[in-house]
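Dropping final12.cif in here (mmCIF, N, CA and C atoms):
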```cif
data_upload
loop_
_atom_site.label_atom_id
_atom_site.label_comp_id
_atom_site.auth_asym_id
_atom_site.auth_seq_id
_atom_site.Cartn_x
_atom_site.Cartn_y
_atom_site.Cartn_z
N ALA A 30 123.40 201.83 -67.92
CA ALA A 30 124.37 200.99 -67.24
C ALA A 30 125.53 200.71 -68.19
N GLY A 31 126.72 200.76 -67.67
CA GLY A 31 127.89 200.48 -68.49
C GLY A 31 128.26 199.02 -68.45
N PHE A 32 128.81 198.53 -69.53
CA PHE A 32 129.22 197.15 -69.61
C PHE A 32 130.70 197.11 -69.93
N PRO A 33 131.43 196.13 -69.43
CA PRO A 33 132.87 196.04 -69.72
C PRO A 33 133.13 195.96 -71.22
N VAL A 34 134.18 196.62 -71.66
CA VAL A 34 134.53 196.61 -73.08
C VAL A 34 134.75 195.18 -73.58
N SER A 35 135.32 194.33 -72.75
CA SER A 35 135.59 192.95 -73.15
C SER A 35 134.30 192.19 -73.46
N ALA A 36 133.19 192.66 -72.96
CA ALA A 36 131.91 192.00 -73.19
C ALA A 36 131.16 192.59 -74.38
N ALA A 37 131.73 193.59 -75.03
CA ALA A 37 131.01 194.30 -76.10
C ALA A 37 130.56 193.37 -77.21
N GLY A 38 131.42 192.47 -77.65
CA GLY A 38 131.05 191.54 -78.72
C GLY A 38 129.92 190.62 -78.31
N TRP A 39 129.97 190.17 -77.08
CA TRP A 39 128.92 189.28 -76.59
C TRP A 39 127.60 190.03 -76.52
N TRP A 40 127.63 191.27 -76.01
CA TRP A 40 126.40 192.06 -75.92
C TRP A 40 125.83 192.37 -77.29
N LEU A 41 126.69 192.60 -78.25
CA LEU A 41 126.22 192.84 -79.61
C LEU A 41 125.47 191.62 -80.13
N ALA A 42 126.01 190.44 -79.89
CA ALA A 42 125.34 189.21 -80.32
C ALA A 42 124.00 189.04 -79.63
N VAL A 43 123.93 189.34 -78.33
CA VAL A 43 122.66 189.25 -77.60
C VAL A 43 121.66 190.24 -78.18
N ALA A 44 122.10 191.47 -78.43
CA ALA A 44 121.20 192.50 -78.97
C ALA A 44 120.69 192.12 -80.36
N MET A 45 121.53 191.48 -81.15
CA MET A 45 121.10 191.08 -82.50
C MET A 45 120.09 189.95 -82.44
N ARG A 46 120.24 189.05 -81.45
CA ARG A 46 119.27 187.95 -81.30
C ARG A 46 117.95 188.44 -80.74
N GLU A 47 118.00 189.48 -79.89
CA GLU A 47 116.79 189.97 -79.23
C GLU A 47 116.71 191.50 -79.30
N PRO A 48 116.62 192.07 -80.50
CA PRO A 48 116.64 193.53 -80.61
C PRO A 48 115.49 194.21 -79.88
N ASP A 49 114.36 193.52 -79.75
CA ASP A 49 113.22 194.10 -79.05
C ASP A 49 113.47 194.27 -77.55
N GLN A 50 114.50 193.62 -77.02
CA GLN A 50 114.78 193.70 -75.59
C GLN A 50 115.76 194.82 -75.25
N ALA A 51 116.35 195.45 -76.24
CA ALA A 51 117.33 196.51 -75.99
C ALA A 51 116.73 197.67 -75.22
N VAL A 52 115.51 198.06 -75.55
CA VAL A 52 114.84 199.15 -74.84
C VAL A 52 114.57 198.75 -73.40
N ARG A 53 114.11 197.54 -73.20
CA ARG A 53 113.85 197.06 -71.82
C ARG A 53 115.13 197.05 -71.01
N LEU A 54 116.23 196.58 -71.61
CA LEU A 54 117.51 196.53 -70.91
C LEU A 54 117.95 197.94 -70.53
N THR A 55 117.82 198.88 -71.43
CA THR A 55 118.20 200.27 -71.15
C THR A 55 117.36 200.84 -70.03
N ARG A 56 116.06 200.63 -70.08
CA ARG A 56 115.17 201.14 -69.01
C ARG A 56 115.51 200.52 -67.66
N PHE A 57 115.73 199.21 -67.66
CA PHE A 57 116.07 198.56 -66.40
C PHE A 57 117.40 199.08 -65.88
N GLY A 58 118.40 199.20 -66.74
CA GLY A 58 119.71 199.71 -66.33
C GLY A 58 119.64 201.12 -65.79
N ASP A 59 118.80 201.97 -66.39
CA ASP A 59 118.63 203.34 -65.90
C ASP A 59 117.97 203.35 -64.52
N ALA A 60 117.00 202.46 -64.32
CA ALA A 60 116.27 202.41 -63.04
C ALA A 60 117.06 201.70 -61.94
N HIS A 61 117.93 200.77 -62.32
CA HIS A 61 118.67 199.96 -61.34
C HIS A 61 120.14 199.84 -61.74
N PRO A 62 120.87 200.96 -61.72
CA PRO A 62 122.28 200.91 -62.15
C PRO A 62 123.17 200.06 -61.25
N GLU A 63 122.69 199.74 -60.07
CA GLU A 63 123.48 198.92 -59.14
C GLU A 63 123.52 197.44 -59.54
N VAL A 64 122.59 197.01 -60.38
CA VAL A 64 122.52 195.61 -60.80
C VAL A 64 123.46 195.40 -61.98
N GLU A 65 124.35 194.43 -61.84
CA GLU A 65 125.29 194.09 -62.92
C GLU A 65 124.67 193.00 -63.78
N ILE A 66 124.55 193.27 -65.06
CA ILE A 66 124.01 192.28 -65.99
C ILE A 66 125.11 191.91 -66.97
N GLY A 67 125.31 190.62 -67.15
CA GLY A 67 126.36 190.17 -68.05
C GLY A 67 126.24 188.69 -68.35
N ARG A 68 127.26 188.19 -68.96
CA ARG A 68 127.32 186.78 -69.35
C ARG A 68 127.74 185.94 -68.16
N SER A 69 127.09 184.80 -68.00
CA SER A 69 127.48 183.89 -66.93
C SER A 69 128.49 182.89 -67.48
N PRO A 70 129.16 182.16 -66.58
CA PRO A 70 130.09 181.12 -67.04
C PRO A 70 129.39 180.00 -67.81
N PHE A 71 128.08 179.94 -67.73
CA PHE A 71 127.31 178.87 -68.37
C PHE A 71 126.71 179.32 -69.69
N ASN A 72 127.20 180.47 -70.23
CA ASN A 72 126.73 181.04 -71.49
C ASN A 72 125.26 181.41 -71.44
N THR A 73 124.80 181.83 -70.28
CA THR A 73 123.46 182.39 -70.12
C THR A 73 123.65 183.85 -69.72
N VAL A 74 122.56 184.54 -69.49
CA VAL A 74 122.62 185.93 -69.05
C VAL A 74 122.41 185.94 -67.54
N ARG A 75 123.23 186.73 -66.83
CA ARG A 75 123.19 186.73 -65.37
C ARG A 75 123.08 188.16 -64.86
N ALA A 76 122.31 188.31 -63.78
CA ALA A 76 122.25 189.58 -63.07
C ALA A 76 122.76 189.35 -61.65
N ARG A 77 123.63 190.24 -61.21
CA ARG A 77 124.13 190.21 -59.83
C ARG A 77 123.53 191.39 -59.09
N ILE A 78 122.92 191.09 -57.95
CA ILE A 78 122.24 192.12 -57.18
C ILE A 78 123.09 192.45 -55.96
N PRO A 79 123.41 193.74 -55.75
CA PRO A 79 124.26 194.13 -54.62
C PRO A 79 123.53 193.98 -53.29
N GLY A 80 124.32 193.93 -52.23
CA GLY A 80 123.76 193.84 -50.89
C GLY A 80 123.11 195.14 -50.46
N GLU A 81 122.22 195.06 -49.49
CA GLU A 81 121.52 196.24 -48.99
C GLU A 81 122.46 197.23 -48.32
N ASP A 82 123.60 196.75 -47.85
CA ASP A 82 124.55 197.62 -47.18
C ASP A 82 125.43 198.37 -48.17
N GLY A 83 125.10 198.27 -49.45
CA GLY A 83 125.88 198.95 -50.47
C GLY A 83 127.04 198.13 -50.97
N GLY A 84 127.17 196.90 -50.46
CA GLY A 84 128.24 196.03 -50.93
C GLY A 84 128.09 195.74 -52.41
N LYS A 85 129.18 195.49 -53.06
CA LYS A 85 129.14 195.28 -54.50
C LYS A 85 128.32 194.05 -54.88
N TYR A 86 128.41 193.02 -54.09
CA TYR A 86 127.72 191.78 -54.46
C TYR A 86 127.42 190.98 -53.21
N ASP A 87 126.16 190.59 -53.04
CA ASP A 87 125.78 189.86 -51.83
C ASP A 87 125.52 188.38 -52.06
N GLY A 88 125.87 187.88 -53.24
CA GLY A 88 125.67 186.46 -53.52
C GLY A 88 124.38 186.14 -54.23
N ARG A 89 123.52 187.13 -54.44
CA ARG A 89 122.26 186.87 -55.13
C ARG A 89 122.45 187.05 -56.63
N GLU A 90 122.14 186.01 -57.35
CA GLU A 90 122.23 186.03 -58.79
C GLU A 90 120.94 185.51 -59.39
N ILE A 91 120.59 186.07 -60.53
CA ILE A 91 119.43 185.62 -61.28
C ILE A 91 119.92 185.30 -62.68
N PHE A 92 119.50 184.15 -63.20
CA PHE A 92 119.93 183.71 -64.52
C PHE A 92 118.76 183.62 -65.48
N GLY A 93 119.05 183.81 -66.76
CA GLY A 93 118.06 183.60 -67.81
C GLY A 93 118.73 182.99 -69.02
N ARG A 94 118.00 182.16 -69.73
CA ARG A 94 118.55 181.57 -70.96
C ARG A 94 118.57 182.61 -72.08
N SER A 95 117.76 183.66 -71.92
CA SER A 95 117.71 184.74 -72.89
C SER A 95 117.60 186.05 -72.13
N LEU A 96 117.86 187.14 -72.83
CA LEU A 96 117.73 188.45 -72.20
C LEU A 96 116.28 188.69 -71.79
N ARG A 97 115.34 188.30 -72.63
CA ARG A 97 113.91 188.46 -72.30
C ARG A 97 113.58 187.74 -70.99
N GLU A 98 114.04 186.49 -70.87
CA GLU A 98 113.76 185.72 -69.66
C GLU A 98 114.37 186.38 -68.42
N LEU A 99 115.61 186.84 -68.55
CA LEU A 99 116.26 187.50 -67.42
C LEU A 99 115.52 188.78 -67.03
N LEU A 100 115.17 189.60 -68.01
CA LEU A 100 114.47 190.85 -67.70
C LEU A 100 113.09 190.59 -67.10
N ASP A 101 112.41 189.55 -67.56
CA ASP A 101 111.13 189.17 -66.94
C ASP A 101 111.33 188.84 -65.46
N LYS A 102 112.35 188.06 -65.16
CA LYS A 102 112.63 187.68 -63.77
C LYS A 102 113.00 188.90 -62.93
N LEU A 103 113.84 189.78 -63.49
CA LEU A 103 114.24 190.98 -62.76
C LEU A 103 113.05 191.90 -62.50
N CYS A 104 112.17 192.01 -63.47
CA CYS A 104 110.98 192.84 -63.27
C CYS A 104 110.08 192.26 -62.19
N ASP A 105 110.02 190.93 -62.09
CA ASP A 105 109.26 190.31 -61.01
C ASP A 105 109.86 190.65 -59.65
N VAL A 106 111.19 190.72 -59.59
CA VAL A 106 111.87 191.01 -58.33
C VAL A 106 111.75 192.49 -57.96
N PHE A 107 111.98 193.38 -58.92
CA PHE A 107 112.07 194.80 -58.62
C PHE A 107 110.78 195.58 -58.80
N SER A 108 110.00 195.24 -59.80
CA SER A 108 108.76 196.00 -60.05
C SER A 108 107.76 195.13 -60.75
N PRO A 109 107.04 194.30 -60.02
CA PRO A 109 106.15 193.35 -60.65
C PRO A 109 104.96 193.99 -61.36
N GLY A 110 104.85 195.30 -61.34
CA GLY A 110 103.71 195.98 -61.93
C GLY A 110 103.92 196.43 -63.37
N PRO A 111 104.00 197.73 -63.59
CA PRO A 111 103.90 198.29 -64.94
C PRO A 111 105.05 197.98 -65.88
N GLU A 112 106.24 197.68 -65.40
CA GLU A 112 107.39 197.43 -66.28
C GLU A 112 107.19 196.18 -67.11
N LYS A 113 106.60 195.15 -66.52
CA LYS A 113 106.41 193.89 -67.23
C LYS A 113 105.05 193.89 -67.91
N LYS A 114 105.04 193.63 -69.18
CA LYS A 114 103.81 193.58 -69.95
C LYS A 114 103.58 192.15 -70.41
N PRO A 115 102.33 191.79 -70.69
CA PRO A 115 102.08 190.43 -71.22
C PRO A 115 102.94 190.18 -72.45
N GLY A 116 103.54 189.02 -72.52
CA GLY A 116 104.39 188.68 -73.65
C GLY A 116 105.82 189.19 -73.50
N GLY A 117 106.11 189.94 -72.43
CA GLY A 117 107.45 190.41 -72.19
C GLY A 117 107.90 191.54 -73.09
N ASP A 118 106.96 192.20 -73.80
CA ASP A 118 107.33 193.28 -74.72
C ASP A 118 107.49 194.60 -74.00
#
```
Could I get this structure in the form of structure tokens?
Amino acid sequence: AGFPVSAAGWWLAVAMREPDQAVRLTRFGDAHPEVEIGRSPFNTVRARIPGEDGGKYDGREIFGRSLRELLDKLCDVFSPGPEKKPGGD
């Protein structure tokens, strides 16, 4: 999944705080390129899920205080099985 260049510094900071989550983020982005993941106005991590009709955004957002928390929530929504492991690793 591609991220806006303007967000590069923020993503670098997130990756440095949670380097173990970089692989999870890449896997999730490859499996669900339609989901936009980025910084929220509240300085948390946000995922925007597109509408079923292919619309860019249907109003559904998921927030996490950390990338791990957000990916755990997204895995519960999209694939509650094998992607999520105990401890979020």
Looking at A:Val52, A:Ile78, A:Leu96, A:Ala42, which one is nearest to Glu65 in chain A, with distances taken over all atoms listed in the file?
A:Ile78
Counting all atoms listed in the file, which of A:Pro62, A:Arg97, A:Ile91, A:Leu103 gets nearest to Asp49 in chain A?
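Smallest distance to Asp49 in chain A is found for A:Arg97.
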Computed interatomic separation between CA of Thr55 in chain A and atom N of Gly67 in chain A (Å):
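Taking CA of Thr55 in chain A as the start and atom N of Gly67 in chain A as the end point, the length is 12.6 Å.
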So the first atom is atom N of Asp105 in chain A and the second is atom C of Pro70 in chain A; what is the distance between them in Å, to one decimal place?
23.0 Å
Taking the file as shown, find all residues satisfying the PyMOL selection byres (((chain A and resi 90 and name CA) around 10) and name CA) and write them as a tab-separated table (two decimals) with N, CA and C atoms, keeping the file's coordinate frame.
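Contents of the output file out_24.tsv:
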```
chain	number	residue	atom	x	y	z
A	64	VAL	N	122.59	197.01	-60.38
A	64	VAL	CA	122.52	195.61	-60.80
A	64	VAL	C	123.46	195.40	-61.98
A	65	GLU	N	124.35	194.43	-61.84
A	65	GLU	CA	125.29	194.09	-62.92
A	65	GLU	C	124.67	193.00	-63.78
A	66	ILE	N	124.55	193.27	-65.06
A	66	ILE	CA	124.01	192.28	-65.99
A	66	ILE	C	125.11	191.91	-66.97
A	69	SER	N	127.09	184.80	-68.00
A	69	SER	CA	127.48	183.89	-66.93
A	69	SER	C	128.49	182.89	-67.48
A	75	ARG	N	123.23	186.73	-66.83
A	75	ARG	CA	123.19	186.73	-65.37
A	75	ARG	C	123.08	188.16	-64.86
A	76	ALA	N	122.31	188.31	-63.78
A	76	ALA	CA	122.25	189.58	-63.07
A	76	ALA	C	122.76	189.35	-61.65
A	77	ARG	N	123.63	190.24	-61.21
A	77	ARG	CA	124.13	190.21	-59.83
A	77	ARG	C	123.53	191.39	-59.09
A	78	ILE	N	122.92	191.09	-57.95
A	78	ILE	CA	122.24	192.12	-57.18
A	78	ILE	C	123.09	192.45	-55.96
A	79	PRO	N	123.41	193.74	-55.75
A	79	PRO	CA	124.26	194.13	-54.62
A	79	PRO	C	123.53	193.98	-53.29
A	86	TYR	N	128.41	193.02	-54.09
A	86	TYR	CA	127.72	191.78	-54.46
A	86	TYR	C	127.42	190.98	-53.21
A	87	ASP	N	126.16	190.59	-53.04
A	87	ASP	CA	125.78	189.86	-51.83
A	87	ASP	C	125.52	188.38	-52.06
A	88	GLY	N	125.87	187.88	-53.24
A	88	GLY	CA	125.67	186.46	-53.52
A	88	GLY	C	124.38	186.14	-54.23
A	89	ARG	N	123.52	187.13	-54.44
A	89	ARG	CA	122.26	186.87	-55.13
A	89	ARG	C	122.45	187.05	-56.63
A	91	ILE	N	120.59	186.07	-60.53
A	91	ILE	CA	119.43	185.62	-61.28
A	91	ILE	C	119.92	185.30	-62.68
A	92	PHE	N	119.50	184.15	-63.20
A	92	PHE	CA	119.93	183.71	-64.52
A	92	PHE	C	118.76	183.62	-65.48
```
Could you jot down the CA of Ser95 in chain A to atom N of Ala60 in chain A separation for me, Å, one decimal place?
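Computed distance, CA of Ser95 in chain A to atom N of Ala60 in chain A, equals 19.7 Å.
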Applying 6.5 Å and all atoms listed in the file, which residues near Arg94 in chain A remain after dropping the ones on its own chain fewer than 3 positions away? List them as a list in words.
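The residues satisfying every condition are Thr73, Val74, Glu98 and Leu99 of chain A.
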List the spatial neighbours of Arg53 in chain A as a PDB file with N, CA and C atoms, keeping the file's coordinate frame - criterion: any atom at most 8 Å away, only N, CA and C atoms, same-chain residues fewer than 5 positions off excluded.
```
ATOM      1  N   PRO A  48     116.620 192.070 -80.500  1.00  0.00           N
ATOM      2  CA  PRO A  48     116.640 193.530 -80.610  1.00  0.00           C
ATOM      3  C   PRO A  48     115.490 194.210 -79.880  1.00  0.00           C
ATOM      4  N   GLY A  58     118.400 199.200 -66.740  1.00  0.00           N
ATOM      5  CA  GLY A  58     119.710 199.710 -66.330  1.00  0.00           C
ATOM      6  C   GLY A  58     119.640 201.120 -65.790  1.00  0.00           C
ATOM      7  N   ASP A  59     118.800 201.970 -66.390  1.00  0.00           N
ATOM      8  CA  ASP A  59     118.630 203.340 -65.900  1.00  0.00           C
ATOM      9  C   ASP A  59     117.970 203.350 -64.520  1.00  0.00           C
ATOM     10  N   LEU A 100     115.170 189.600 -68.010  1.00  0.00           N
ATOM     11  CA  LEU A 100     114.470 190.850 -67.700  1.00  0.00           C
ATOM     12  C   LEU A 100     113.090 190.590 -67.100  1.00  0.00           C
ATOM     13  N   ASP A 118     106.960 192.200 -73.800  1.00  0.00           N
ATOM     14  CA  ASP A 118     107.330 193.280 -74.720  1.00  0.00           C
ATOM     15  C   ASP A 118     107.490 194.600 -74.000  1.00  0.00           C
TER      16      ASP A 118
END
```
Let me know the centre plus edge lengths, in Å and rounded to one decimal, of a box with edges along x, y and z that contains all listed atoms of range 96-100 of chain A and is padded by 6 Å on every side, as lines of an AutoDock Vina configuration file.
```
center_x = 115.5
center_y = 188.3
center_z = -69.9
size_x = 16.8
size_y = 17.1
size_z = 17.8
```
